[in-house]
Amino acid sequence: MENSLDAGEFYRYPPDIYLRISSEDGKETEGATVHTIRVEDNGSGVPARHIPSAFGQVFYGSKYKLRQSRGTFGLGGTMAILYGQITTSKPVKVISSTAGKCIHEYDVLIDIRRNRPMVLRHKTYNNPDRWHGTVIEIKMEGDYSRASAKVLEYLKQTAIVVPYANLSFVDPKGRLYRFERATKEMPKPPTETKLHPYGSDVETLKRMVSTTSCKNMVSFMMEHFHKVGRKMALNFLEYAKIPPKKRPHRLKTEDLVKLAKAMKEFPHFRAPSADCLSPLGEDLLRTGIQKELKPEFVAVRQRSPSVYSGYPFIVEVAVAYGGEIPKTGSILLYRFANRIPLLYDEASDVAWKVVNEEVNWKYYNVNPAEAPLAVFVHICSTKIPYRSVGKEFVAEVPEIEREILNGVREAARELSLFLSRRKSVEREKRRLDIFERFLPKIARFSSELAGKDKVPEVKPLLKSVAKYGAEED
Ligand SMILES: Nc1ncnc2c1ncn2[C@@H]1O[C@H](COP(=O)(O)OP(=O)(O)OP(=O)(O)O)[C@@H](O)[C@H]1O
Ligand SMILES: [Mg+2]
């Protein structure tokens, strides 16, 4: 699904994704059985010549670029396929077209020993309607009854963070779940960027010097690094004690170690720009939250771009209250990284620490143990500092922690204003209720006492004691 979303967003097609999980015998029994997982998208499609490698070879990907995308390493899709192959020995079926004349259908197995695709079948069909998209079908063993809650949670959270997508899901019992798009507006796509010197390492430098066409170190620095001009390159090389005229491919490993160290230490590099990032934006995040949770109140904050270890990042935060948000006895935390929901190991995530240990909610007039409160944290970066290979929780990088904290505080302040305003409106309503109940009686009795026939109008009186205008009602 993440590949499907990447493939739609990059070409600006609002994604339509259909997911079906079906079991072999059509029934859902306890324990692990063979399931077929089918994902259909309307994305870019995969060029036919790349299909076998994209789905039959680990580490084959088109996203090794410094630009925000969900995928990076060419592992995600292939790992799912590999898991299917290991548990069922069945090939993956891929049907794809890039809106060309043909639709291609492949059955591919991964040759695990050589990490090479094995094509078992290849068929082509005419494509008169110029369909573009990809259909993947994997058979794998799994226990759907145990996994179902997470599958649905994943879809719901994806619908929040991708409010411009239509997601449909049919579960093994044939039940259809629909998450409909609330807008066709999509976030601005990211541009590709060069590596920032702060983010380089010896391995990366080794790869760069062996493939570069630059003839000397000055042009190497200017060509391959983000925001490095001639003057900056010369200053830096002097600092690193590397001759500007030296040929890059002549650098030995110890030179590269020295270079990498100097890149981390040189204080004058300019901060990276955030053009390579594609945050959701306050409006889209609000739309997603309103669509799926219908809260009574939501405050959204996008922080300005910031940097850690040479990687630019942007934090987006929202605080939502009431509506369909359940009271669970603690704050409901939704975490997203590059528009992927993170569902596991919540308590190890930096956002959990900020929300539960660093923000003093009492200060904002909320008691997290009683309030229907949800906090959303979205981090976008060219490199998310995950703490484990499972890509499920983000490390406590001080710069990121600070941005989350400031964002949550700003949004919480808005919530606090909303709550205290609501409280005073409620108090006022109670006060007016009392006037409304007793003023007519007082008017009647005092008229009687004064011996007058005509009871005076109380409406103008009521109006004059009201603190707020009619719109506040
Ligand atoms: N639905 C799809 N539409 C278009 N291209 C796809 C689709 N699924 C996979 N691909 C192509 O196959 C490649 C491999 O996918 P895979 O999920 O293995 O790696 P990735 O997305 O690049 O990185 P990651 O390991 O982080 O997921 C992708 O880089 C992409 O080029
Ligand atoms: Mg992927």
# chains A, B, ... in the order shown; residues from 1 in each chain; ligands from 1
>>> residues_near_ligand(ligand="ligand 1", cutoff="10 Å", atoms="only C-alpha atoms and all ligand atoms", output="JSON, numbers by chain")
{"A": [1, 2, 3, 4, 5, 6, 7, 8, 10, 17, 39, 40, 41, 42, 43, 44, 45, 46, 47, 50, 51, 52, 53, 54, 55, 56, 57, 58, 59, 60, 61, 62, 63, 64, 65, 69, 70, 71, 72, 73, 74, 75, 76, 77, 78, 79, 80, 81, 94, 95, 96, 97, 98, 132, 133, 134, 135, 136, 391]}
>>> residues_around(residues="Phe236 in chain A", least_positions_apart="6", cutoff="9 Å", atoms="only C-alpha atoms", output="ChimeraX atom specification")
/A:242,262-263,266,268-269
>>> atom_distance(atom1="CA of Glu403 in chain A", atom2="CA of Lys194 in chain A")
24.0 Å
>>> residues_around(residues="Leu176 in chain A", least_positions_apart="4", cutoff="12 Å", atoms="only C-alpha atoms", output="list in words")
Tyr18, Leu19, Arg20, Ile21, Leu152, Leu167, Ser168, Phe169, Val170, Asp171 and Pro172 of chain A
>>> select_by_dssp(residues="range 218-313 of chain A", states="strand (DSSP E or B)", output="PyMOL selection string")
chain A and resi 225+297-302+306-308+311-313
